[in-house]
Structure formats: C-alpha cells, structure tokens
$ cat work-v2.cif   # mmCIF, C-alpha atoms
data_model
loop_
_atom_site.label_atom_id
_atom_site.label_comp_id
_atom_site.auth_asym_id
_atom_site.auth_seq_id
_atom_site.Cartn_x
_atom_site.Cartn_y
_atom_site.Cartn_z
CA MET A 1 33.19 19.42 -0.45
CA THR A 2 33.33 17.28 -3.61
CA ASN A 3 30.25 15.50 -4.89
CA LYS A 4 31.75 12.18 -3.87
CA GLU A 5 32.24 13.47 -0.33
CA LYS A 6 28.69 14.75 -0.19
CA TYR A 7 27.42 11.41 -1.44
CA VAL A 8 29.40 9.42 1.12
CA ASN A 9 28.32 11.82 3.86
CA ALA A 10 24.66 11.21 3.14
CA PHE A 11 25.24 7.50 3.80
CA THR A 12 27.50 7.81 6.83
CA GLU A 13 25.21 10.32 8.53
CA THR A 14 21.90 8.66 7.69
CA PHE A 15 23.01 5.17 8.66
CA ASP A 16 25.64 6.04 11.28
CA ILE A 17 28.37 4.03 9.55
CA THR A 18 31.98 4.69 8.51
CA GLU A 19 33.12 5.59 5.02
CA GLU A 20 34.78 2.18 4.79
CA GLU A 21 31.42 0.48 5.38
CA THR A 22 29.70 2.27 2.48
CA LYS A 23 31.65 0.31 -0.16
CA GLY A 24 29.49 -2.37 -1.74
CA LEU A 25 26.66 -1.59 0.66
CA GLN A 26 23.31 -2.95 -0.47
CA TYR A 27 19.75 -2.04 0.37
CA SER A 28 18.73 -4.03 3.47
CA GLY A 29 22.36 -5.15 3.80
CA ILE A 30 22.43 -3.45 7.20
CA SER A 31 19.48 -2.98 9.53
CA ALA A 32 19.63 0.82 9.24
CA TRP A 33 19.11 0.69 5.48
CA ASP A 34 15.53 -0.58 5.56
CA SER A 35 12.53 1.09 3.96
CA VAL A 36 12.45 3.83 6.60
CA GLY A 37 16.19 4.42 6.24
CA HIS A 38 15.82 4.43 2.49
CA MET A 39 13.45 7.39 2.52
CA SER A 40 15.78 9.24 4.93
CA LEU A 41 18.70 8.56 2.61
CA VAL A 42 16.75 9.89 -0.37
CA ALA A 43 15.86 13.03 1.59
CA ALA A 44 19.54 13.54 2.56
CA LEU A 45 20.72 13.11 -1.04
CA GLU A 46 18.03 15.40 -2.40
CA ASP A 47 19.07 18.12 0.06
CA ALA A 48 22.77 17.62 -0.60
CA PHE A 49 22.47 17.87 -4.39
CA ASP A 50 19.32 20.00 -4.59
CA ILE A 51 17.54 17.49 -6.80
CA MET A 52 14.22 15.68 -6.79
CA MET A 53 14.42 12.02 -7.69
CA ASP A 54 11.72 10.12 -9.60
CA THR A 55 9.87 7.33 -7.85
CA ASP A 56 11.37 4.77 -10.28
CA ASP A 57 14.89 5.86 -9.38
CA ILE A 58 14.14 5.65 -5.66
CA ILE A 59 13.04 2.07 -6.18
CA ASP A 60 16.04 1.19 -8.37
CA PHE A 61 18.46 2.70 -5.85
CA SER A 62 19.57 -0.71 -4.55
CA SER A 63 23.19 -0.19 -3.53
CA PHE A 64 25.84 2.43 -2.83
CA GLU A 65 27.30 1.97 -6.32
CA LYS A 66 23.94 1.83 -8.11
CA GLY A 67 23.01 5.12 -6.49
CA MET A 68 26.09 6.83 -7.91
CA GLU A 69 25.21 5.50 -11.33
CA ILE A 70 21.64 6.84 -11.06
CA LEU A 71 22.72 10.26 -9.82
CA SER A 72 25.36 10.72 -12.53
CA GLU A 73 23.24 9.42 -15.40
CA LYS A 74 19.94 11.05 -14.58
CA TYR A 75 20.66 14.01 -12.34
CA ASP A 76 23.92 15.36 -13.77
CA VAL A 77 25.86 14.79 -10.58
CA GLU A 78 29.50 14.29 -11.59
CA PHE A 79 31.68 12.10 -9.43
CA MET B 1 4.38 -12.99 -19.97
CA ASN B 2 6.76 -13.03 -17.00
CA PHE B 3 6.51 -10.70 -14.05
CA GLU B 4 9.23 -8.32 -15.26
CA GLU B 5 7.30 -7.85 -18.50
CA MET B 6 4.12 -7.16 -16.55
CA LEU B 7 5.95 -4.40 -14.69
CA GLN B 8 6.55 -2.65 -18.02
CA ARG B 9 2.84 -2.44 -18.74
CA THR B 10 0.46 0.25 -17.52
CA PRO B 11 -1.62 -1.04 -14.61
CA TYR B 12 -5.10 -0.99 -16.15
CA SER B 13 -4.29 -2.02 -19.71
CA PHE B 14 -5.36 -5.69 -19.91
CA SER B 15 -8.73 -6.71 -21.32
CA LYS B 16 -10.57 -9.58 -19.65
CA GLU B 17 -9.11 -12.32 -21.91
CA GLU B 18 -5.53 -11.11 -21.72
CA LYS B 19 -5.73 -10.72 -17.94
CA GLU B 20 -7.23 -14.18 -17.49
CA ALA B 21 -4.34 -15.75 -19.42
CA VAL B 22 -1.64 -13.79 -17.60
CA LEU B 23 -3.10 -14.38 -14.14
CA THR B 24 -3.65 -18.09 -14.76
CA GLU B 25 -0.02 -18.55 -15.79
CA ARG B 26 1.49 -16.54 -12.97
CA LEU B 27 -0.81 -17.73 -10.17
CA SER B 28 -0.44 -21.39 -11.18
CA GLU B 29 3.32 -20.91 -11.04
CA LEU B 30 3.08 -19.35 -7.57
CA THR B 31 0.81 -22.15 -6.34
CA GLU B 32 3.38 -24.70 -7.48
CA LYS B 33 6.28 -22.76 -5.97
CA HIS B 34 4.59 -22.49 -2.58
CA ARG B 35 3.40 -26.10 -2.69
CA VAL B 36 7.03 -27.20 -2.92
CA SER B 37 8.59 -24.62 -0.57
CA CYS B 38 5.98 -24.33 2.17
CA PRO B 39 5.09 -27.79 3.53
CA PRO B 40 1.99 -26.72 5.54
CA TYR B 41 0.62 -25.12 2.37
CA GLY B 42 1.42 -28.27 0.40
CA ASN B 43 -0.57 -30.29 2.95
CA ILE B 44 -3.54 -27.97 2.62
CA LEU B 45 -3.45 -28.30 -1.17
CA ARG B 46 -3.34 -32.08 -0.90
CA SER B 47 -6.34 -32.23 1.41
CA ALA B 48 -8.18 -29.78 -0.83
CA GLY B 49 -7.72 -32.23 -3.69
CA TYR B 50 -5.56 -29.86 -5.75
CA GLU B 51 -4.20 -31.37 -8.95
CA ARG B 52 -1.83 -29.22 -10.90
CA GLY B 53 -2.83 -30.40 -14.38
CA ARG B 54 -6.51 -29.77 -13.87
CA ILE B 55 -6.34 -26.01 -13.41
CA GLY B 56 -7.77 -24.27 -16.47
CA SER B 57 -8.21 -20.83 -14.94
CA TYR B 58 -6.85 -18.93 -11.95
CA LYS B 59 -10.43 -18.92 -10.67
CA GLU B 60 -10.12 -22.66 -9.98
CA LEU B 61 -7.02 -22.33 -7.79
CA PRO B 62 -7.54 -23.05 -4.08
CA PHE B 63 -7.78 -20.08 -1.72
CA LEU B 64 -6.77 -19.83 1.91
CA PRO B 65 -8.90 -18.11 4.51
CA VAL B 66 -7.10 -14.91 5.35
CA ARG B 67 -7.13 -15.62 9.09
CA LEU B 68 -4.91 -18.67 8.58
CA PHE B 69 -1.93 -16.29 8.69
CA LYS B 70 -2.81 -15.66 12.32
CA GLU B 71 -2.76 -19.30 13.20
CA LEU B 72 0.13 -20.62 11.14
CA GLU B 73 3.57 -19.30 10.27
CA LEU B 74 3.40 -19.62 6.53
CA LYS B 75 6.58 -18.88 4.63
CA SER B 76 8.24 -20.23 1.51
CA VAL B 77 11.79 -18.99 2.04
CA PRO B 78 14.46 -19.79 4.65
CA ASP B 79 14.52 -17.45 7.66
CA ASP B 80 17.79 -15.80 6.61
CA GLN B 81 16.11 -14.45 3.48
CA ILE B 82 13.32 -12.70 5.35
CA VAL B 83 13.98 -8.97 5.37
CA LYS B 84 10.69 -7.74 6.82
CA THR B 85 7.80 -9.12 8.81
CA MET B 86 4.51 -7.30 8.52
CA THR B 87 1.61 -7.61 10.90
CA SER B 88 -2.05 -6.92 10.39
CA SER B 89 -3.85 -4.31 12.41
CA GLY B 90 -5.87 -5.80 15.22
CA THR B 91 -7.75 -4.60 18.24
CA THR B 92 -6.17 -5.22 21.64
CA GLY B 93 -6.03 -8.90 22.49
CA GLN B 94 -6.77 -9.96 18.92
CA ALA B 95 -4.30 -12.26 17.17
CA VAL B 96 -2.42 -10.63 14.30
CA SER B 97 -1.38 -12.03 10.94
CA LYS B 98 2.32 -12.30 10.28
CA ILE B 99 3.49 -11.90 6.72
CA TYR B 100 7.09 -12.75 5.88
CA LEU B 101 8.77 -10.82 3.08
CA ASP B 102 11.98 -11.51 1.24
CA ARG B 103 13.82 -8.91 -0.78
CA VAL B 104 12.10 -9.70 -4.09
CA THR B 105 8.55 -9.66 -2.76
CA SER B 106 9.16 -6.53 -0.74
CA ALA B 107 10.62 -4.69 -3.75
CA ASN B 108 7.81 -5.83 -6.05
CA GLN B 109 5.22 -4.61 -3.56
CA GLN B 110 6.69 -1.13 -3.67
CA LYS B 111 7.04 -1.13 -7.46
CA VAL B 112 3.47 -2.23 -8.08
CA MET B 113 2.04 0.14 -5.52
CA VAL B 114 3.86 3.05 -7.19
CA LYS B 115 2.57 2.04 -10.61
CA ILE B 116 -1.02 1.81 -9.38
CA VAL B 117 -1.02 5.06 -7.43
CA SER B 118 0.80 6.99 -10.18
CA ASP B 119 -2.08 6.21 -12.49
CA PHE B 120 -4.20 8.44 -10.25
CA THR B 121 -1.77 11.07 -8.99
CA GLY B 122 0.84 11.28 -11.75
CA SER B 123 4.38 10.08 -11.20
CA SER B 124 5.86 13.32 -9.93
CA ARG B 125 6.48 13.56 -6.23
CA MET B 126 4.68 16.18 -4.16
CA PRO B 127 4.92 17.81 -0.75
CA MET B 128 3.14 15.30 1.48
CA ILE B 129 1.00 15.66 4.56
CA ILE B 130 0.66 12.44 6.53
CA LEU B 131 -2.59 12.55 8.50
CA ASP B 132 -1.28 10.43 11.34
CA CYS B 133 1.27 10.51 14.13
CA PRO B 134 5.01 9.83 13.70
CA SER B 135 5.20 7.08 16.33
CA VAL B 136 3.38 4.66 14.01
CA VAL B 137 6.59 3.96 12.08
CA LYS B 138 8.96 3.83 15.06
CA ASN B 139 9.32 0.08 15.49
CA ARG B 140 11.23 -0.80 12.38
CA LEU B 141 11.55 -4.53 12.79
CA MET B 142 7.88 -5.22 13.20
CA PHE B 143 5.77 -3.27 10.79
CA SER B 144 2.18 -2.71 11.57
CA ALA B 145 -0.10 -2.47 8.57
CA ARG B 146 -0.66 1.16 9.49
CA GLY B 147 3.04 1.97 9.45
CA ALA B 148 3.56 0.02 6.25
CA GLY B 149 0.80 1.95 4.54
CA ILE B 150 2.32 5.26 5.55
CA LEU B 151 5.79 4.20 4.49
CA GLY B 152 4.67 2.76 1.20
CA PHE B 153 2.93 5.97 0.25
CA SER B 154 5.81 8.13 1.52
CA ILE B 155 7.68 7.54 -1.72
CA PHE B 156 5.31 10.08 -3.30
CA GLY B 157 6.26 12.70 -0.74
CA ALA B 158 9.06 15.03 -1.75
CA LYS B 159 8.93 16.78 1.64
CA ARG B 160 6.89 15.25 4.42
CA ILE B 161 5.11 16.40 7.53
CA TYR B 162 3.05 14.46 10.06
CA ALA B 163 -0.09 16.49 10.69
CA LEU B 164 -0.73 14.89 14.09
CA ASP B 165 1.47 14.58 17.15
CA ASP B 166 1.73 11.38 19.18
CA ASP B 167 -1.34 12.39 21.17
CA MET B 168 -3.24 12.59 17.84
CA LYS B 169 -3.53 16.39 18.16
CA LEU B 170 -3.42 18.46 14.99
CA ASN B 171 -0.19 20.44 14.63
CA VAL B 172 -1.85 23.65 13.49
CA GLU B 173 1.27 25.84 13.35
CA GLY B 174 3.37 23.21 11.60
CA LEU B 175 0.67 22.60 9.04
CA LYS B 176 0.22 26.30 8.35
CA ALA B 177 3.95 26.79 7.82
CA PHE B 178 4.13 23.75 5.55
CA LEU B 179 1.24 24.94 3.38
CA ASP B 180 2.68 28.47 3.17
CA LYS B 181 6.02 27.11 2.09
CA TYR B 182 4.58 24.99 -0.73
CA ARG B 183 1.75 27.26 -1.79
CA GLY B 184 0.86 26.85 -5.45
CA GLN B 185 2.09 23.25 -5.57
CA ARG B 186 -0.08 20.19 -5.62
CA ILE B 187 -0.14 18.67 -2.12
CA PHE B 188 -0.43 14.94 -1.47
CA LEU B 189 -2.29 13.83 1.65
CA PHE B 190 -2.45 10.31 3.01
CA GLY B 191 -4.14 8.76 6.01
CA PHE B 192 -6.66 6.29 7.34
CA THR B 193 -10.35 7.02 7.02
CA PHE B 194 -11.39 7.17 10.64
CA MET B 195 -8.30 9.05 11.85
CA ILE B 196 -8.88 11.64 9.13
CA TRP B 197 -12.47 12.11 10.21
CA GLN B 198 -11.84 12.15 13.94
CA HIS B 199 -8.57 14.06 14.23
CA PHE B 200 -8.38 16.12 11.06
CA TYR B 201 -11.84 16.87 9.73
CA LYS B 202 -13.48 17.48 13.12
CA GLU B 203 -10.57 19.67 14.21
CA LEU B 204 -10.77 21.70 11.00
CA VAL B 205 -14.46 22.28 11.63
CA ARG B 206 -13.68 23.48 15.15
CA LEU B 207 -10.85 25.74 13.94
CA LYS B 208 -13.06 27.21 11.25
CA GLN B 209 -15.42 28.45 13.95
CA GLU B 210 -12.43 30.25 15.47
CA GLY B 211 -11.65 31.79 12.10
CA ILE B 212 -8.66 29.55 11.31
CA THR B 213 -8.97 27.98 7.87
CA PHE B 214 -6.83 25.87 5.57
CA ASP B 215 -6.96 25.85 1.80
CA LEU B 216 -6.32 22.40 0.40
CA SER B 217 -8.01 22.87 -2.96
CA ASP B 218 -4.72 21.88 -4.64
CA GLY B 219 -4.56 18.68 -2.62
CA VAL B 220 -5.12 15.07 -3.50
CA LEU B 221 -6.05 12.74 -0.64
CA ILE B 222 -5.69 8.97 -0.60
CA HIS B 223 -7.23 7.17 2.34
CA GLY B 224 -8.11 3.60 3.33
CA GLY B 225 -8.46 1.24 6.24
CA GLY B 226 -12.18 0.64 6.56
CA TRP B 227 -15.48 2.42 6.97
CA LYS B 228 -17.08 0.49 9.80
CA LYS B 229 -16.95 3.21 12.42
CA LEU B 230 -17.97 6.01 10.09
CA ILE B 231 -20.89 4.05 8.75
CA SER B 232 -22.04 3.57 12.34
CA GLU B 233 -21.85 7.36 12.70
CA ALA B 234 -23.91 7.56 9.50
CA VAL B 235 -21.09 9.12 7.48
CA SER B 236 -21.28 7.74 3.96
CA PRO B 237 -18.38 7.93 1.48
CA GLU B 238 -20.23 10.70 -0.36
CA GLU B 239 -20.74 12.61 2.88
CA PHE B 240 -17.07 12.14 3.80
CA LYS B 241 -15.97 13.74 0.54
CA ARG B 242 -18.52 16.52 0.68
CA CYS B 243 -17.51 17.46 4.23
CA LEU B 244 -13.82 17.60 3.34
CA THR B 245 -14.56 19.80 0.34
CA ASP B 246 -16.67 22.10 2.51
CA VAL B 247 -14.14 22.54 5.28
CA CYS B 248 -10.89 22.92 3.32
CA GLY B 249 -11.61 22.78 -0.41
CA LEU B 250 -10.14 19.29 -0.78
CA SER B 251 -11.91 17.74 -3.75
CA HIS B 252 -9.60 15.04 -5.13
CA VAL B 253 -10.26 12.19 -2.72
CA HIS B 254 -9.56 8.52 -3.43
CA ASP B 255 -10.44 5.67 -1.10
CA TYR B 256 -8.56 2.39 -1.47
CA TYR B 257 -9.14 -1.22 -0.47
CA GLY B 258 -6.21 -3.38 0.45
CA MET B 259 -4.80 -5.64 3.12
CA VAL B 260 -1.44 -6.42 4.63
CA GLU B 261 -1.60 -10.00 3.34
CA GLN B 262 -1.42 -8.62 -0.19
CA THR B 263 0.47 -5.36 0.28
CA GLY B 264 1.22 -3.49 -2.94
CA CYS B 265 -1.86 -4.66 -4.84
CA ILE B 266 -4.24 -2.02 -3.64
CA TYR B 267 -7.60 -1.32 -5.22
CA MET B 268 -7.93 2.41 -5.88
CA GLU B 269 -11.17 4.29 -6.16
CA CYS B 270 -11.51 6.10 -9.48
CA GLU B 271 -13.17 9.39 -10.32
CA CYS B 272 -16.49 7.53 -10.69
CA GLY B 273 -16.33 6.18 -7.14
CA HIS B 274 -15.48 2.59 -8.18
CA LEU B 275 -12.68 0.44 -6.76
CA HIS B 276 -10.48 -0.99 -9.53
CA ALA B 277 -8.44 -4.19 -9.86
CA SER B 278 -5.10 -3.64 -11.62
CA ILE B 279 -3.37 -6.16 -13.90
CA PHE B 280 -1.40 -7.36 -10.87
CA SER B 281 -4.37 -8.65 -8.91
CA ASP B 282 -8.04 -9.47 -9.07
CA VAL B 283 -11.17 -9.90 -6.97
CA ILE B 284 -13.66 -12.74 -7.31
CA MET B 285 -16.95 -12.58 -5.40
CA ARG B 286 -17.96 -15.98 -4.00
CA ARG B 287 -21.38 -17.26 -2.96
CA PRO B 288 -21.25 -18.22 0.72
CA LEU B 289 -23.07 -21.53 0.25
CA ASP B 290 -20.88 -23.24 -2.34
CA PHE B 291 -18.13 -20.68 -3.12
CA SER B 292 -19.17 -20.52 -6.75
CA GLU B 293 -18.50 -17.24 -8.53
CA CYS B 294 -21.15 -14.53 -8.29
CA GLU B 295 -22.63 -12.78 -11.27
CA VAL B 296 -21.94 -9.10 -11.89
CA GLY B 297 -24.14 -7.19 -9.46
CA GLU B 298 -24.50 -10.08 -7.01
CA LYS B 299 -23.17 -9.72 -3.45
CA GLY B 300 -20.56 -12.25 -2.34
CA ILE B 301 -17.52 -12.90 -0.15
CA ILE B 302 -14.43 -11.28 -1.63
CA GLN B 303 -11.59 -13.53 -2.78
CA VAL B 304 -8.41 -11.65 -3.65
CA VAL B 305 -5.58 -12.91 -5.83
CA SER B 306 -2.20 -11.21 -6.19
CA THR B 307 0.75 -11.90 -8.47
CA LEU B 308 3.26 -10.59 -5.91
CA PRO B 309 3.67 -13.03 -2.98
CA GLU B 310 6.77 -15.15 -3.58
CA SER B 311 7.95 -15.53 0.01
CA TYR B 312 4.64 -16.63 1.56
CA PRO B 313 1.62 -18.49 0.13
CA GLY B 314 -0.73 -15.50 0.10
CA HIS B 315 -1.45 -15.22 -3.61
CA SER B 316 -5.04 -16.48 -3.33
CA LEU B 317 -7.05 -15.59 -0.23
CA LEU B 318 -10.63 -15.54 0.92
CA THR B 319 -11.27 -12.36 2.90
CA GLU B 320 -13.99 -11.77 5.48
CA ASP B 321 -15.39 -8.87 3.48
CA GLU B 322 -18.44 -8.73 1.25
CA GLY B 323 -18.54 -6.96 -2.06
CA ILE B 324 -20.18 -6.65 -5.46
CA VAL B 325 -18.51 -6.62 -8.86
CA LEU B 326 -20.07 -3.73 -10.76
CA GLY B 327 -18.59 -4.46 -14.16
CA GLU B 328 -15.46 -5.34 -16.10
CA ASP B 329 -13.43 -3.39 -18.69
CA ASP B 330 -16.17 -0.77 -19.11
CA CYS B 331 -15.93 1.74 -16.27
CA PRO B 332 -16.56 5.27 -17.61
CA CYS B 333 -13.14 6.30 -16.20
CA GLY B 334 -11.53 4.28 -19.00
CA ARG B 335 -9.56 1.82 -16.85
CA LYS B 336 -9.79 -1.84 -17.78
CA GLY B 337 -10.27 -4.68 -15.34
CA LYS B 338 -13.00 -5.36 -12.81
CA TYR B 339 -14.53 -2.53 -10.81
CA PHE B 340 -16.40 -3.21 -7.63
CA LYS B 341 -17.54 -1.96 -4.29
CA VAL B 342 -16.99 -3.28 -0.79
CA ILE B 343 -20.14 -3.64 1.31
CA GLY B 344 -18.47 -4.33 4.63
CA ARG B 345 -17.39 -7.12 6.92
CA LEU B 346 -19.11 -10.48 7.17
CA LYS B 347 -21.32 -10.78 10.20
CA ASN B 348 -19.35 -12.00 13.24
CA ALA B 349 -16.04 -11.46 11.47
CA GLU B 350 -13.21 -9.96 13.48
CA ILE B 351 -12.70 -6.24 13.35
CA ARG B 352 -9.67 -5.35 11.29
CA GLY B 353 -8.43 -2.58 9.03
CA CYS B 354 -6.17 0.26 10.15
CA SER B 355 -9.05 2.65 10.50
CA ASP B 356 -11.55 0.30 12.12
CA THR B 357 -9.27 -1.22 14.77
CA TYR B 358 -8.20 2.22 15.90
CA ALA B 359 -11.81 3.38 16.00
CA GLU B 360 -12.59 0.65 18.55
CA LYS B 361 -11.01 2.93 21.16
CA PHE B 362 -13.76 5.45 20.59
CA ARG B 363 -16.69 3.25 21.48
#
$ encode --input "work-v2.cif" --output "structure tokens"
Amino acid sequence: MTNKEKYVNAFTETFDITEEETKGLQYSGISAWDSVGHMSLVAALEDAFDIMMDTDDIIDFSSFEKGMEILSEKYDVEF
Amino acid sequence: MNFEEMLQRTPYSFSKEEKEAVLTERLSELTEKHRVSCPPYGNILRSAGYERGRIGSYKELPFLPVRLFKELELKSVPDDQIVKTMTSSGTTGQAVSKIYLDRVTSANQQKVMVKIVSDFTGSSRMPMIILDCPSVVKNRLMFSARGAGILGFSIFGAKRIYALDDDMKLNVEGLKAFLDKYRGQRIFLFGFTFMIWQHFYKELVRLKQEGITFDLSDGVLIHGGGWKKLISEAVSPEEFKRCLTDVCGLSHVHDYYGMVEQTGCIYMECECGHLHASIFSDVIMRRPLDFSECEVGEKGIIQVVSTLPESYPGHSLLTEDEGIVLGEDDCPCGRKGKYFKVIGRLKNAEIRGCSDTYAEKFR
C-alpha cells in the first residue's frame, strides 16, 4: 500500500466515508470528524505510519490536505 | 497584543502590569463584541449601567452570575456556526448550563489548555490511563463537562486506556497489561477527584491486601472536579496525595480548578500546592457585600475572566465558589500571575463539579 493509500484509508475507516468524500474535508465538516473522531483519526494515522505526533500538530491538523502537509513536512511521510 | 500573539507566549510569563494591560484590551473587546451580537447580554449591560468609554481596567467590566447560563440561551453567533454544545455537570433534576461553541472558540480552548498543561507535564505525549468509564464520552452531540474534560486531556495520551468499566469497576487485568507494555515510560493519568478516590484508590487498597500491587511511581496525575465529598469524608488534599503515594507510588499529583463555562482556561496546581492563573485568564476575589475586590489573603467570592469565549458572553463570570488570593508573581515555583486557593462552595449554592455531582449518588 502506498503512503497516500494508507492516509486515505485512515480517513475512510475512521469516519466511514468514501475516498471521494475525503477531498477538501475539514475538521468538523462532517459530524464524524468531531473532537472524539479527531483523536481516533490521530490514533489511526499514528498506527499506520508508526509515528507519534506532537500536540501542536494534532491541533493544527484542520483538514485532509493540511494533514498531508504536516505529515510530509514534520514526520517524513512522502506522498 | 492580539490573541494570536498571546498564543505564542508561554502561559505564565506576564508580570502584573503587562497582564493587566493585555486583559483589559482583550476583555473590553469581547464585552463589546458580545454586547452587539448577543441582545440579551446587551440588555444586561445596559441595565448594569455599562459605558464602554469608562472602563479603565478589566476589573471594572461587568460580570454575569454563572447560573445565568442555565436560565438563558446566551450565544453570540448564528446557530449554523455552532459546532459543539457543552453542558455543566449537575445532579439529577438540576438545571444544566448550556455553552455554545463555534469553531474558533472550540479550537482556542484546546490550544490554551494544551499550553497550560504542557507547562506542568512537558509537551511530549505519554501513555494515558483515564480513571473513568468509557461511556462518559458516548453522546457526541451533547458534551457533559465530564466527557469534555476527558477528551480535552486525551490529546496528551499517546495510547489510552479507561481504567474503569461502565459499572465503575477497576479493570485490573487491562491495567496490568497496559503498565507492563509501557514500563519505563512516564504514564499520564487523568480523572475526577471523587471517582479516583472511590473507584481507584479504595480498590487499590483492597487489592494490596490480596497481594496485587501497581507501581505508578513514573506517573503524573491530573485531577479536578471538586472536593466537597472528600472533605466531608475528612480527606484533605494533602491526605489524598499521601494516600496515593502510599498505595501505588504516585507522587506527581496536580489538582486543577476550572468550569465548563470557561473551558480551556484551567487553573493548575503547582508543585507548591497553589492554583495558578495563566496569561489567558484571571481570578478576582469579591467581597459579598459590595463586590469590591478583596485584598491578598482575604476570602471572597471568585470571579473568573477568560480571554477565550467568542461565541458566548462568558468572558467575565461570578462563580458560586469562595477563594483566597495568596499572592501574585511571586510563587516559589517561579510562575507569574496570581496564585490562590479555593475554599469551597458558597453556602446554599447548588452542587456542581464533575466530582461532586457524581458523589451525590453515594450519600
């Protein structure tokens, strides 16, 4: 599985949405991505990429696209 | 200094003068914003004789009684911008406060809370033991204060386990496995004071008699929610700490004071046993007769101000708690700002607090 696939999977499985729906998705843009969902998403991403995110990055993780930016810049995940 | 600039500063770095200037600017701005956007609040200001130009210090701004949020729906944003509604903890049959959050306020609450807590625990995330049951966070649309507290602190948990099941029974096997797995790492524990005493501490004492022990000497515990029940059982804060150290080695224990009406701006207890106000909020003790400000060392009713509430007019509130300011900018722990202690609830005040409302079931 490519990193992009893993990343998309974390979203589709955590929030029970399709790959199409992940594009442009924002924090609290759907009911599943609330503060509870956010921590589940972080856990899924941390497991998928074997990383531990900083609290600041968890807070800044405000959209599907922003998350990719954070993971590639700070956690060496290449997309 | 705008709010974004404040977020770049460390949370206990302002001296008295700097903090007074920053709070006066920000809280005056919030008062004006809510006056315009929340008509019931505007009416209250008018009848309180508020005049914008005459405010020289944030201490002169009007304050709302905290229970007003039970009686009125106070919000300063249109309904479609509300992303979360939080409710206060209350005993059965008691009215609850409803606090309406938009995206900005909700995000700022989390940011500020992380900054404050990191000052005590460090910013790295740790394996986390939640000393409560998982069902508390099940209803995601309506957040109880208890669930919100757990969730807010969960950001510090790298891996998480709930120590109690939904019948509030300690999950001994799960806890053992968790501690074995993360042995050697610093463990973060969070819970509410009475639940910790009743369902964790007492159970550990019982298990110890059976020869089952836990080593939490690497742990750091943060707890809050009120002392009422424990004080009635004659358990003082010092006793609470000593007992936890005795039974499982846990020695880093911090109490906090906070309320759902001003989520995010919590007041953490330092190594010297003092509660501290960060740069994002403040406490002012008021004399009950004329609401003038108490001297250092004088008991009064606690007013709390917070720089966070943008979606509801909760930036200046009079609580139903009593407290004493112990000093300002000179706590031996090195943190600036006021440090204080909470004495307890006003006589005849409602019971509230995540710990105290739950404890009502054990009368």
$ resolve_selection --input "work-v2.cif" --expression "the PyMOL selection byres ((chain A and resi 11) around 12)" --output "PyMOL selection string"
chain A and resi 4-10+12-23+25-27+30+32-33+37-45+48+63-65+67-68
$ residues_around --input "work-v2.cif" --residues "His252 (chain B)" --least-positions-apart "5" --cutoff "8 Å" --atoms "all atoms listed in the file" --output "VMD selection string"
chain B and resid 219 to 221
$ closest_atom_pairs --input "work-v2.cif" --of "chain B" --to "chain A" --cutoff "12 Å" --atoms "all atoms listed in the file" --output "tab-separated table"
residue	atom	partner	partner_atom	distance
B:Leu7	CA	A:Asp56	CA	11.5
B:Gln8	CA	A:Asp56	CA	11.8
B:Asp80	CA	A:Gly29	CA	11.9
B:Gln81	CA	A:Ser28	CA	10.7
B:Ile82	CA	A:Ser28	CA	10.4
B:Val83	CA	A:Ser28	CA	7.1
B:Lys84	CA	A:Asp34	CA	8.7
B:Thr85	CA	A:Asp34	CA	12.0
B:Asp102	CA	A:Ser28	CA	10.3
B:Arg103	CA	A:Ser28	CA	8.1
B:Val104	CA	A:Ser28	CA	11.5
B:Ser106	CA	A:Ser35	CA	9.6
B:Ala107	CA	A:Ile59	CA	7.6
B:Asn108	CA	A:Ile59	CA	9.5
B:Gln109	CA	A:Ile59	CA	10.6
B:Gln110	CA	A:Ile59	CA	7.5
B:Lys111	CA	A:Ile59	CA	6.9
B:Val112	CA	A:Ile59	CA	10.7
B:Met113	CA	A:Thr55	CA	10.9
B:Val114	CA	A:Thr55	CA	7.4
B:Lys115	CA	A:Asp56	CA	9.2
B:Val117	CA	A:Thr55	CA	11.1
B:Ser118	CA	A:Thr55	CA	9.4
B:Gly122	CA	A:Thr55	CA	10.6
B:Ser123	CA	A:Thr55	CA	7.0
B:Ser124	CA	A:Asp54	CA	6.7
B:Arg125	CA	A:Asp54	CA	7.1
B:Met126	CA	A:Met52	CA	9.9
B:Pro127	CA	A:Met52	CA	11.3
B:Pro134	CA	A:Val36	CA	11.9
B:Val136	CA	A:Val36	CA	11.7
B:Val137	CA	A:Val36	CA	8.0
B:Lys138	CA	A:Val36	CA	9.2
B:Asn139	CA	A:Val36	CA	10.1
B:Arg140	CA	A:Val36	CA	7.5
B:Leu141	CA	A:Ser31	CA	8.7
B:Met142	CA	A:Asp34	CA	11.8
B:Phe143	CA	A:Ser35	CA	10.6
B:Gly147	CA	A:Val36	CA	10.0
B:Ala148	CA	A:Ser35	CA	9.3
B:Gly149	CA	A:Ser35	CA	11.8
B:Ile150	CA	A:Val36	CA	10.3
B:Leu151	CA	A:Val36	CA	7.0
B:Gly152	CA	A:Ser35	CA	8.5
B:Phe153	CA	A:Thr55	CA	10.8
B:Ser154	CA	A:Met39	CA	7.7
B:Ile155	CA	A:Thr55	CA	6.5
B:Phe156	CA	A:Thr55	CA	7.0
B:Gly157	CA	A:Met39	CA	9.5
B:Ala158	CA	A:Met52	CA	7.2
B:Lys159	CA	A:Ala43	CA	7.9
B:Arg160	CA	A:Ala43	CA	9.7
$ resolve_selection --input "work-v2.cif" --expression "the PyMOL selection byres ((chain A and resi 79) around 8)" --output "short mmCIF file (atom, residue, chain, number, x, y, z; two decimals) with C-alpha atoms, in the frame of the given file"
data_model
loop_
_atom_site.label_atom_id
_atom_site.label_comp_id
_atom_site.auth_asym_id
_atom_site.auth_seq_id
_atom_site.Cartn_x
_atom_site.Cartn_y
_atom_site.Cartn_z
CA THR A 2 33.33 17.28 -3.61
CA ASN A 3 30.25 15.50 -4.89
CA LYS A 4 31.75 12.18 -3.87
CA MET A 68 26.09 6.83 -7.91
CA SER A 72 25.36 10.72 -12.53
CA VAL A 77 25.86 14.79 -10.58
CA GLU A 78 29.50 14.29 -11.59
#
$ residues_around --input "work-v2.cif" --residues "region 187-202 of chain B" --least-positions-apart "2" --cutoff "9 Å" --atoms "only C-alpha atoms" --output "JSON, numbers by chain"
{"B": [121, 125, 126, 127, 128, 129, 130, 131, 132, 146, 149, 150, 153, 154, 156, 157, 163, 164, 168, 169, 170, 179, 182, 183, 184, 185, 204, 205, 206, 207, 216, 217, 218, 219, 220, 221, 222, 223, 224, 225, 226, 227, 228, 229, 230, 240, 243, 244, 247, 248, 255, 354, 355, 356, 358, 359]}
$ resolve_selection --input "work-v2.cif" --expression "the PyMOL selection byres ((chain B and resi 323) around 7)" --output "ChimeraX atom specification"
/B:285,299-302,321-322,324-325,341-343
$ residues_around --input "work-v2.cif" --residues "region 304-316 of chain B" --least-positions-apart "4" --cutoff "7 Å" --atoms "only C-alpha atoms" --output "JSON, numbers by chain"
{"B": [26, 27, 30, 34, 63, 64, 74, 75, 76, 77, 100, 101, 102, 105, 108, 109, 261, 262, 265, 280, 281, 282, 283, 284]}
$ residues_around --input "work-v2.cif" --residues "region 269-279 of chain B" --least-positions-apart "6" --cutoff "6 Å" --atoms "all atoms listed in the file" --output "ChimeraX atom specification"
/B:11-12,254-256,337-341
